[in-house]
>>> print(open('entry_10.csv').read())   # CSV, C-alpha atoms
chain,number,residue,atom,x,y,z
A,1,MET,CA,0.0,0.0,0.0
A,2,LYS,CA,1.3,3.4,-1.0
A,3,LYS,CA,1.9,5.8,1.9
A,4,CYS,CA,3.0,9.4,2.2
A,5,LEU,CA,5.1,9.7,5.4
A,6,ASP,CA,7.3,12.2,7.1
A,7,LEU,CA,10.5,10.2,7.7
A,8,THR,CA,13.2,11.0,10.2
A,9,VAL,CA,16.8,11.1,9.0
A,10,THR,CA,18.9,8.8,11.2
A,11,ALA,CA,22.2,9.2,9.3
A,12,VAL,CA,23.7,10.9,6.3
A,13,GLU,CA,26.9,9.3,4.9
A,14,HIS,CA,28.9,11.2,2.3
A,15,ILE,CA,30.4,8.5,0.1
A,16,ASN,CA,32.3,11.0,-2.0
A,17,GLU,CA,31.9,14.6,-3.3
A,18,LYS,CA,28.9,13.6,-5.4
A,19,TYR,CA,27.1,10.7,-3.7
A,20,VAL,CA,25.4,10.5,-0.3
A,21,LEU,CA,23.7,7.7,1.5
A,22,ILE,CA,20.6,8.8,3.5
A,23,LYS,CA,19.1,6.6,6.1
A,24,LEU,CA,15.5,7.2,7.2
A,25,THR,CA,13.0,5.7,9.7
A,26,HIS,CA,9.5,6.2,11.1
A,27,SER,CA,7.9,5.8,14.5
A,28,GLU,CA,5.6,3.1,12.9
A,29,PRO,CA,6.7,0.1,10.9
A,30,LEU,CA,7.5,1.1,7.3
A,31,PRO,CA,5.5,-0.6,4.6
A,32,THR,CA,6.9,-3.6,2.9
A,33,MET,CA,9.3,-2.7,0.0
A,34,GLU,CA,10.7,-4.9,-2.7
A,35,PRO,CA,14.0,-4.6,-4.6
A,36,GLY,CA,13.6,-2.4,-7.7
A,37,GLN,CA,10.8,-0.2,-6.3
A,38,PHE,CA,11.4,3.5,-5.7
A,39,VAL,CA,10.2,6.4,-3.7
A,40,GLU,CA,9.2,10.0,-4.5
A,41,VAL,CA,10.8,12.6,-2.2
A,42,ARG,CA,9.5,16.1,-1.6
A,43,VAL,CA,12.3,18.5,-1.4
A,44,ASP,CA,11.6,21.4,0.9
A,45,ASN,CA,13.5,24.8,1.0
A,46,SER,CA,14.5,24.4,-2.6
A,47,PRO,CA,12.8,27.2,-4.7
A,48,LYS,CA,13.8,25.6,-8.0
A,49,THR,CA,12.5,22.2,-7.1
A,50,PHE,CA,8.7,22.0,-7.8
A,51,LEU,CA,8.2,18.3,-8.3
A,52,ARG,CA,9.1,15.3,-6.1
A,53,ARG,CA,12.3,13.5,-6.9
A,54,PRO,CA,12.3,9.7,-7.7
A,55,ILE,CA,14.9,7.8,-5.8
A,56,SER,CA,15.6,4.0,-6.0
A,57,ILE,CA,15.4,2.0,-2.8
A,58,ASN,CA,19.0,1.2,-2.1
A,59,ASP,CA,18.3,-1.0,1.0
A,60,PHE,CA,15.5,-1.7,3.5
A,61,ASP,CA,16.6,-2.8,7.0
A,62,THR,CA,13.5,-4.4,8.5
A,63,GLU,CA,15.4,-5.0,11.8
A,64,HIS,CA,16.0,-1.3,12.4
A,65,ASN,CA,13.0,-0.1,10.4
A,66,GLU,CA,15.3,1.9,8.1
A,67,LEU,CA,15.0,2.9,4.5
A,68,HIS,CA,18.3,3.7,2.7
A,69,LEU,CA,18.5,6.0,-0.3
A,70,LEU,CA,21.7,6.5,-2.4
A,71,VAL,CA,21.5,10.0,-3.9
A,72,ALA,CA,23.6,11.6,-6.6
A,73,ALA,CA,23.8,15.3,-5.8
A,74,ILE,CA,23.6,16.7,-9.4
A,75,GLY,CA,20.7,19.2,-9.3
A,76,ASP,CA,19.1,21.7,-6.9
A,77,GLY,CA,16.8,19.1,-5.4
A,78,THR,CA,19.3,16.4,-4.8
A,79,ARG,CA,21.9,18.8,-3.6
A,80,ARG,CA,19.5,20.0,-1.0
A,81,MET,CA,18.9,16.4,0.0
A,82,SER,CA,22.7,15.9,0.4
A,83,GLN,CA,22.7,18.7,3.0
A,84,LEU,CA,20.2,16.9,5.3
A,85,LYS,CA,21.3,16.3,8.9
A,86,LYS,CA,20.4,13.6,11.5
A,87,GLY,CA,17.1,14.4,13.0
A,88,ASP,CA,15.7,16.3,9.9
A,89,THR,CA,12.4,15.3,8.3
A,90,LEU,CA,11.9,14.2,4.7
A,91,ASN,CA,8.4,13.7,3.2
A,92,VAL,CA,8.4,10.5,1.2
A,93,MET,CA,5.8,8.7,-0.9
A,94,LEU,CA,6.4,5.0,-0.9
A,95,PRO,CA,6.7,2.3,-2.1
A,96,LEU,CA,6.1,2.9,-5.8
A,97,GLY,CA,6.4,0.8,-9.0
A,98,ASN,CA,7.1,-2.8,-9.6
A,99,GLY,CA,10.4,-4.4,-8.6
A,100,PHE,CA,12.6,-7.3,-9.8
A,101,THR,CA,11.3,-10.8,-10.2
A,102,MET,CA,12.4,-12.7,-7.1
A,103,PRO,CA,13.9,-16.2,-7.6
A,104,GLN,CA,11.8,-19.2,-7.0
A,105,ASP,CA,14.7,-21.6,-7.1
A,106,SER,CA,17.7,-21.0,-4.8
A,107,THR,CA,20.0,-22.9,-7.2
A,108,LYS,CA,19.7,-20.3,-9.9
A,109,ARG,CA,22.7,-18.1,-10.6
A,110,HIS,CA,22.0,-14.4,-10.7
A,111,LEU,CA,24.2,-11.7,-12.3
A,112,LEU,CA,23.5,-8.1,-11.2
A,113,VAL,CA,25.0,-5.5,-13.5
A,114,GLY,CA,25.2,-1.8,-12.5
A,115,GLY,CA,26.8,1.4,-13.6
A,116,GLY,CA,27.1,4.7,-11.7
A,117,VAL,CA,24.2,5.4,-9.4
A,118,GLY,CA,22.4,2.6,-11.1
A,119,VAL,CA,24.1,0.2,-8.7
A,120,ALA,CA,21.7,1.5,-6.0
A,121,PRO,CA,18.8,-1.0,-6.3
A,122,LEU,CA,21.1,-3.9,-6.8
A,123,LEU,CA,22.3,-4.1,-3.2
A,124,TYR,CA,18.9,-4.8,-1.8
A,125,LEU,CA,18.2,-7.2,-4.6
A,126,GLY,CA,21.4,-9.1,-3.9
A,127,ARG,CA,20.6,-9.2,-0.2
A,128,LYS,CA,17.2,-10.7,-0.8
A,129,ILE,CA,18.6,-13.3,-3.2
A,130,LYS,CA,21.2,-14.3,-0.5
A,131,ALA,CA,18.5,-14.5,2.2
A,132,MET,CA,16.6,-16.9,0.0
A,133,GLY,CA,19.6,-19.1,-0.3
A,134,GLY,CA,20.7,-18.0,-3.8
A,135,GLU,CA,24.0,-16.7,-5.1
A,136,ALA,CA,24.3,-13.1,-6.4
A,137,THR,CA,27.3,-12.0,-8.5
A,138,PHE,CA,27.7,-8.3,-9.0
A,139,LEU,CA,29.3,-6.8,-12.0
A,140,LEU,CA,29.8,-3.1,-11.4
A,141,GLY,CA,31.2,-0.4,-13.7
A,142,ALA,CA,32.4,3.2,-13.3
A,143,ARG,CA,34.5,5.7,-15.0
A,144,THR,CA,37.3,5.6,-12.4
A,145,ALA,CA,38.1,3.8,-9.1
A,146,LYS,CA,36.9,6.9,-7.1
A,147,ASP,CA,33.5,6.6,-8.8
A,148,LEU,CA,32.8,3.1,-7.6
A,149,LEU,CA,30.1,3.0,-4.9
A,150,MET,CA,29.6,0.9,-1.8
A,151,ILE,CA,32.0,-1.9,-2.9
A,152,ASP,CA,32.4,-3.3,0.6
A,153,ASP,CA,28.7,-3.5,1.1
A,154,PHE,CA,28.3,-5.5,-2.2
A,155,LYS,CA,31.2,-7.8,-1.1
A,156,ASN,CA,29.3,-8.6,2.1
A,157,VAL,CA,26.4,-9.9,-0.1
A,158,GLY,CA,28.1,-11.7,-3.0
A,159,ARG,CA,30.9,-11.9,-5.4
A,160,VAL,CA,32.0,-8.6,-6.9
A,161,PHE,CA,33.6,-8.0,-10.3
A,162,VAL,CA,34.6,-4.4,-11.4
A,163,THR,CA,35.3,-2.6,-14.5
A,164,THR,CA,36.5,1.0,-14.9
A,165,GLU,CA,36.9,2.9,-18.1
A,166,ASP,CA,40.4,4.1,-17.2
A,167,GLY,CA,41.6,0.8,-15.8
A,168,SER,CA,42.2,2.3,-12.3
A,169,GLU,CA,40.3,-0.6,-10.7
A,170,GLY,CA,39.3,-4.0,-11.9
A,171,GLU,CA,39.3,-4.7,-15.6
A,172,LYS,CA,39.6,-1.8,-18.1
A,173,GLY,CA,36.6,-1.1,-20.2
A,174,PHE,CA,32.8,-1.4,-20.0
A,175,VAL,CA,30.9,-4.0,-17.9
A,176,THR,CA,29.9,-6.0,-21.0
A,177,ASN,CA,33.6,-6.4,-21.8
A,178,HIS,CA,34.4,-8.1,-18.5
A,179,SER,CA,36.0,-11.5,-18.9
A,180,ILE,CA,33.6,-13.2,-16.5
A,181,LEU,CA,31.0,-13.0,-19.3
A,182,CYS,CA,33.3,-15.3,-21.4
A,183,TYR,CA,33.7,-18.1,-18.9
A,184,GLU,CA,30.6,-18.1,-16.7
A,185,THR,CA,26.9,-18.5,-17.4
A,186,PHE,CA,23.9,-17.2,-15.4
A,187,ASP,CA,20.3,-18.1,-15.2
A,188,MET,CA,19.1,-14.5,-14.7
A,189,ILE,CA,20.5,-11.0,-15.3
A,190,SER,CA,19.2,-7.9,-13.6
A,191,THR,CA,20.6,-4.5,-14.6
A,192,CYS,CA,20.3,-0.8,-13.8
A,193,GLY,CA,22.4,2.2,-15.0
A,194,PRO,CA,22.9,4.4,-18.1
A,195,LYS,CA,20.7,3.4,-21.0
A,196,PRO,CA,23.5,2.5,-23.4
A,197,MET,CA,24.9,0.1,-20.7
A,198,MET,CA,21.6,-1.6,-20.2
A,199,MET,CA,21.1,-1.9,-23.9
A,200,ALA,CA,24.5,-3.6,-24.2
A,201,VAL,CA,23.6,-5.9,-21.3
A,202,ALA,CA,20.3,-6.8,-22.9
A,203,ARG,CA,22.0,-7.7,-26.1
A,204,TYR,CA,24.5,-9.9,-24.3
A,205,ALA,CA,21.6,-11.6,-22.5
A,206,GLU,CA,19.7,-12.2,-25.7
A,207,LYS,CA,22.8,-13.8,-27.3
A,208,ALA,CA,23.4,-15.9,-24.2
A,209,GLY,CA,19.7,-17.0,-24.1
A,210,THR,CA,19.4,-15.6,-20.6
A,211,GLU,CA,16.4,-13.8,-19.2
A,212,CYS,CA,17.2,-10.1,-18.4
A,213,GLU,CA,15.3,-7.5,-16.4
A,214,VAL,CA,16.2,-3.8,-16.7
A,215,SER,CA,15.4,-1.0,-14.2
A,216,LEU,CA,14.7,2.0,-16.3
A,217,GLU,CA,15.6,5.5,-15.1
A,218,ASN,CA,13.0,7.5,-17.1
A,219,ASN,CA,11.9,10.9,-15.7
A,220,MET,CA,9.2,10.0,-13.2
A,221,ALA,CA,7.8,13.3,-11.9
A,222,CYS,CA,4.6,12.0,-10.2
A,223,GLY,CA,5.2,8.3,-9.7
A,224,LEU,CA,1.5,7.6,-10.2
A,225,GLY,CA,1.1,7.5,-14.0
A,226,ALA,CA,-0.6,10.9,-14.2
A,227,CYS,CA,2.1,13.2,-15.7
A,228,LEU,CA,3.2,10.9,-18.6
A,229,CYS,CA,6.8,12.1,-18.3
A,230,CYS,CA,8.1,8.5,-18.1
A,231,VAL,CA,6.4,6.9,-21.1
A,232,GLU,CA,8.4,4.1,-22.8
A,233,LYS,CA,7.5,2.2,-26.0
A,234,THR,CA,7.1,-1.5,-25.7
A,235,GLN,CA,6.6,-4.3,-28.2
A,236,ASP,CA,3.5,-5.8,-26.6
A,237,LYS,CA,1.5,-2.9,-25.1
A,238,GLY,CA,2.6,0.2,-27.0
A,239,ASN,CA,3.4,3.2,-24.7
A,240,ILE,CA,3.4,2.5,-21.0
A,241,CYS,CA,4.2,4.6,-17.9
A,242,ILE,CA,7.4,3.2,-16.4
A,243,CYS,CA,6.5,4.6,-12.9
A,244,THR,CA,3.5,2.2,-12.7
A,245,GLU,CA,4.3,-0.7,-15.0
A,246,GLY,CA,8.0,-0.5,-14.2
A,247,PRO,CA,10.6,0.7,-13.4
A,248,VAL,CA,11.7,-2.9,-13.7
A,249,ILE,CA,10.7,-4.6,-17.0
A,250,ASN,CA,11.8,-7.6,-19.0
A,251,ALA,CA,14.2,-6.4,-21.7
A,252,LYS,CA,12.4,-8.4,-24.4
A,253,ARG,CA,9.3,-6.2,-24.0
A,254,LEU,CA,11.2,-2.9,-24.9
A,255,GLU,CA,11.1,-1.4,-28.3
A,256,TRP,CA,14.7,-0.5,-28.1
A,257,ALA,CA,15.5,-4.2,-27.7
A,258,ARG,CA,14.9,-4.5,-31.5
A,259,ARG,CA,17.7,-2.2,-32.3
A,260,PRO,CA,21.0,-3.7,-33.5
>>> encode(input="entry_10.csv", output="C-alpha cells")
Amino acid sequence: MKKCLDLTVTAVEHINEKYVLIKLTHSEPLPTMEPGQFVEVRVDNSPKTFLRRPISINDFDTEHNELHLLVAAIGDGTRRMSQLKKGDTLNVMLPLGNGFTMPQDSTKRHLLVGGGVGVAPLLYLGRKIKAMGGEATFLLGARTAKDLLMIDDFKNVGRVFVTTEDGSEGEKGFVTNHSILCYETFDMISTCGPKPMMMAVARYAEKAGTECEVSLENNMACGLGACLCCVEKTQDKGNICICTEGPVINAKRLEWARRP
C-alpha cells in the first residue's frame, strides 16, 4: 500500500563529493518494500524544485525499520537532500512501481549489473537473493576507481567484479567487456544504469539465451502515471508509464531491444 510519510533522518553518509547515502526511519513500521521499487521525495526549501524526486530504494533494513537512499547530488533538489542532517524530516511517498522478479529456485545463478548510481537498487536485490539461499554475482562499472560506490557493502552480499573505463580498478573497459562473461553463465540477469549500458547488457543476455530485467531511469515526476513524463514504448502494449508498470521490466518487451 502506498503511503506518504514524514520520515526522520537517522544518518547521512557522504560517500564522495557527489554521492550521499541517506538513512530514514519512522515511528511506525515502514510498509513492505521490494528490490527495484522506488520512492518519490518532496524537497523542501529548494525554490527551483517544484516536483518530487524519484529515488531508487538502495536497501531496506527491517530489523532497524530503516530505508536507505543512495542519492547523486547533481541538481538543486538532490543537492538539498545531500545537505540533510540527522534528525531532519523528509516527506516520502512509498513504495512505488514494480520491482525485480524474485527467484523461486535458490540454485539459480544471478548476475546483477550496475553502472554509476544505477548500482543503488542492486544491493537490496542481492541481499534478498542471498537471504533466499541464492547466489548473487555483482558486475559493477564506473569511469574511475573513485566513482565506484559501496563496494564493501556489495562484497558482504556476494561476489563482486569491477570494470573502470580508465583501468584504475578491476578490468579496463565497460561492464559488457568483462572476462567473467566469457567463462561463466547465469540463469538471470538484472541491470540498472545508463541506458547504453543496459542496452548492451540486454543484447548480451539475448545472445546468451538468458532472461534479463532492466530497471529504467526515465523521468518520473509524479510516480503515479498521471504526468506521462516517463512513457516508454514496448513491443507488446505500446506506450506504458514506467512509474506504474516498471521501473523494472523484462528487456524483451522494450522497443529498443529490437535495435542492432
>>> residues_near_point(input="entry_10.csv", point="(16.1, 5.1, 16.3)", cutoff="8 Å", atoms="all atoms listed in the file", output="tab-separated table (two decimals) with C-alpha atoms, in the coordinates of the input")
chain	number	residue	atom	x	y	z
A	10	THR	CA	18.90	8.80	11.20
A	25	THR	CA	13.00	5.70	9.70
A	64	HIS	CA	16.00	-1.30	12.40
>>> closest_residue(input="entry_10.csv", among="A:Met102, A:Ala11, A:Leu181, A:Leu51", to="Arg127 in chain A", atoms="all atoms listed in the file")
A:Met102
>>> closest_residue(input="entry_10.csv", among="A:Lys18, A:Arg80, A:His26, A:Arg253", to="Asp6 in chain A", atoms="all atoms listed in the file")
A:His26
>>> residues_around(input="entry_10.csv", residues="Leu112 in chain A", least_positions_apart="4", cutoff="10 Å", atoms="all atoms listed in the file", output="compact mmCIF listing (two decimals) with C-alpha atoms, keeping the file's coordinate frame")
# COMPACT_ATOMS: atom_id res chain seq x y z
CA VAL A 119 24.10 0.20 -8.70
CA PRO A 121 18.80 -1.00 -6.30
CA LEU A 122 21.10 -3.90 -6.80
CA LEU A 123 22.30 -4.10 -3.20
CA LEU A 125 18.20 -7.20 -4.60
CA GLY A 126 21.40 -9.10 -3.90
CA ALA A 136 24.30 -13.10 -6.40
CA THR A 137 27.30 -12.00 -8.50
CA PHE A 138 27.70 -8.30 -9.00
CA LEU A 139 29.30 -6.80 -12.00
CA LEU A 140 29.80 -3.10 -11.40
CA VAL A 160 32.00 -8.60 -6.90
CA MET A 188 19.10 -14.50 -14.70
CA ILE A 189 20.50 -11.00 -15.30
CA SER A 190 19.20 -7.90 -13.60
CA THR A 191 20.60 -4.50 -14.60
CA CYS A 192 20.30 -0.80 -13.80
CA CYS A 212 17.20 -10.10 -18.40
CA GLU A 213 15.30 -7.50 -16.40
>>> closest_residue(input="entry_10.csv", among="A:Pro54, A:Gly193, A:Pro29, A:Gly158", to="Gly97 in chain A", atoms="only C-alpha atoms")
A:Pro54
>>> residues_near_point(input="entry_10.csv", point="(13.1, 22.2, -7.8)", cutoff="12 Å", atoms="only C-alpha atoms", output="CSV table (one decimal) with C-alpha atoms, keeping the file's coordinate frame")
chain,number,residue,atom,x,y,z
A,41,VAL,CA,10.8,12.6,-2.2
A,42,ARG,CA,9.5,16.1,-1.6
A,43,VAL,CA,12.3,18.5,-1.4
A,44,ASP,CA,11.6,21.4,0.9
A,45,ASN,CA,13.5,24.8,1.0
A,46,SER,CA,14.5,24.4,-2.6
A,47,PRO,CA,12.8,27.2,-4.7
A,48,LYS,CA,13.8,25.6,-8.0
A,49,THR,CA,12.5,22.2,-7.1
A,50,PHE,CA,8.7,22.0,-7.8
A,51,LEU,CA,8.2,18.3,-8.3
A,52,ARG,CA,9.1,15.3,-6.1
A,53,ARG,CA,12.3,13.5,-6.9
A,74,ILE,CA,23.6,16.7,-9.4
A,75,GLY,CA,20.7,19.2,-9.3
A,76,ASP,CA,19.1,21.7,-6.9
A,77,GLY,CA,16.8,19.1,-5.4
A,78,THR,CA,19.3,16.4,-4.8
A,79,ARG,CA,21.9,18.8,-3.6
A,80,ARG,CA,19.5,20.0,-1.0
A,81,MET,CA,18.9,16.4,0.0
A,221,ALA,CA,7.8,13.3,-11.9
>>> atom_distance(input="entry_10.csv", atom1="CA of Glu165 in chain A", atom2="CA of Ala142 in chain A")
6.6 Å
>>> build_atoms(input="entry_10.csv", residues="range 115-136 of chain A", atoms="N, CA and C atoms", output="mmCIF file, in the coordinates of the input")
data_model
loop_
_atom_site.group_PDB
_atom_site.id
_atom_site.type_symbol
_atom_site.label_atom_id
_atom_site.label_comp_id
_atom_site.auth_asym_id
_atom_site.auth_seq_id
_atom_site.Cartn_x
_atom_site.Cartn_y
_atom_site.Cartn_z
ATOM 1 N N GLY A 115 25.830 0.341 -13.217
ATOM 2 C CA GLY A 115 26.800 1.400 -13.600
ATOM 3 C C GLY A 115 26.381 2.700 -12.941
ATOM 4 N N GLY A 116 27.354 3.431 -12.382
ATOM 5 C CA GLY A 116 27.100 4.700 -11.700
ATOM 6 C C GLY A 116 26.104 4.541 -10.592
ATOM 7 N N VAL A 117 25.174 5.500 -10.448
ATOM 8 C CA VAL A 117 24.200 5.400 -9.400
ATOM 9 C C VAL A 117 23.183 4.297 -9.625
ATOM 10 N N GLY A 118 23.246 3.700 -10.821
ATOM 11 C CA GLY A 118 22.400 2.600 -11.100
ATOM 12 C C GLY A 118 22.693 1.337 -10.294
ATOM 13 N N VAL A 119 23.785 1.348 -9.558
ATOM 14 C CA VAL A 119 24.100 0.200 -8.700
ATOM 15 C C VAL A 119 23.111 0.229 -7.464
ATOM 16 N N ALA A 120 22.447 1.358 -7.215
ATOM 17 C CA ALA A 120 21.700 1.500 -6.000
ATOM 18 C C ALA A 120 20.665 0.420 -5.710
ATOM 19 N N PRO A 121 19.767 0.055 -6.648
ATOM 20 C CA PRO A 121 18.800 -1.000 -6.300
ATOM 21 C C PRO A 121 19.314 -2.378 -6.248
ATOM 22 N N LEU A 122 20.542 -2.583 -6.719
ATOM 23 C CA LEU A 122 21.100 -3.900 -6.800
ATOM 24 C C LEU A 122 21.539 -4.481 -5.450
ATOM 25 N N LEU A 123 21.863 -3.602 -4.520
ATOM 26 C CA LEU A 123 22.300 -4.100 -3.200
ATOM 27 C C LEU A 123 21.166 -4.782 -2.475
ATOM 28 N N TYR A 124 20.009 -4.177 -2.443
ATOM 29 C CA TYR A 124 18.900 -4.800 -1.800
ATOM 30 C C TYR A 124 18.431 -6.057 -2.491
ATOM 31 N N LEU A 125 18.489 -6.045 -3.823
ATOM 32 C CA LEU A 125 18.200 -7.200 -4.600
ATOM 33 C C LEU A 125 19.109 -8.383 -4.246
ATOM 34 N N GLY A 126 20.406 -8.091 -4.215
ATOM 35 C CA GLY A 126 21.400 -9.100 -3.900
ATOM 36 C C GLY A 126 21.198 -9.648 -2.470
ATOM 37 N N ARG A 127 20.855 -8.754 -1.552
ATOM 38 C CA ARG A 127 20.600 -9.200 -0.200
ATOM 39 C C ARG A 127 19.440 -10.119 -0.054
ATOM 40 N N LYS A 128 18.387 -9.822 -0.814
ATOM 41 C CA LYS A 128 17.200 -10.700 -0.800
ATOM 42 C C LYS A 128 17.486 -12.039 -1.425
ATOM 43 N N ILE A 129 18.255 -12.037 -2.500
ATOM 44 C CA ILE A 129 18.600 -13.300 -3.200
ATOM 45 C C ILE A 129 19.437 -14.166 -2.190
ATOM 46 N N LYS A 130 20.377 -13.547 -1.496
ATOM 47 C CA LYS A 130 21.200 -14.300 -0.500
ATOM 48 C C LYS A 130 20.335 -14.828 0.603
ATOM 49 N N ALA A 131 19.392 -14.044 1.096
ATOM 50 C CA ALA A 131 18.500 -14.500 2.200
ATOM 51 C C ALA A 131 17.666 -15.677 1.783
ATOM 52 N N MET A 132 17.403 -15.790 0.477
ATOM 53 C CA MET A 132 16.600 -16.900 0.000
ATOM 54 C C MET A 132 17.446 -18.112 -0.367
ATOM 55 N N GLY A 133 18.741 -18.015 -0.088
ATOM 56 C CA GLY A 133 19.600 -19.100 -0.300
ATOM 57 C C GLY A 133 20.281 -19.136 -1.708
ATOM 58 N N GLY A 134 20.083 -18.082 -2.483
ATOM 59 C CA GLY A 134 20.700 -18.000 -3.800
ATOM 60 C C GLY A 134 22.032 -17.357 -3.810
ATOM 61 N N GLU A 135 22.635 -17.309 -4.984
ATOM 62 C CA GLU A 135 24.000 -16.700 -5.100
ATOM 63 C C GLU A 135 23.864 -15.495 -6.065
ATOM 64 N N ALA A 136 24.330 -14.348 -5.574
ATOM 65 C CA ALA A 136 24.300 -13.100 -6.400
ATOM 66 C C ALA A 136 25.765 -12.765 -6.737
#
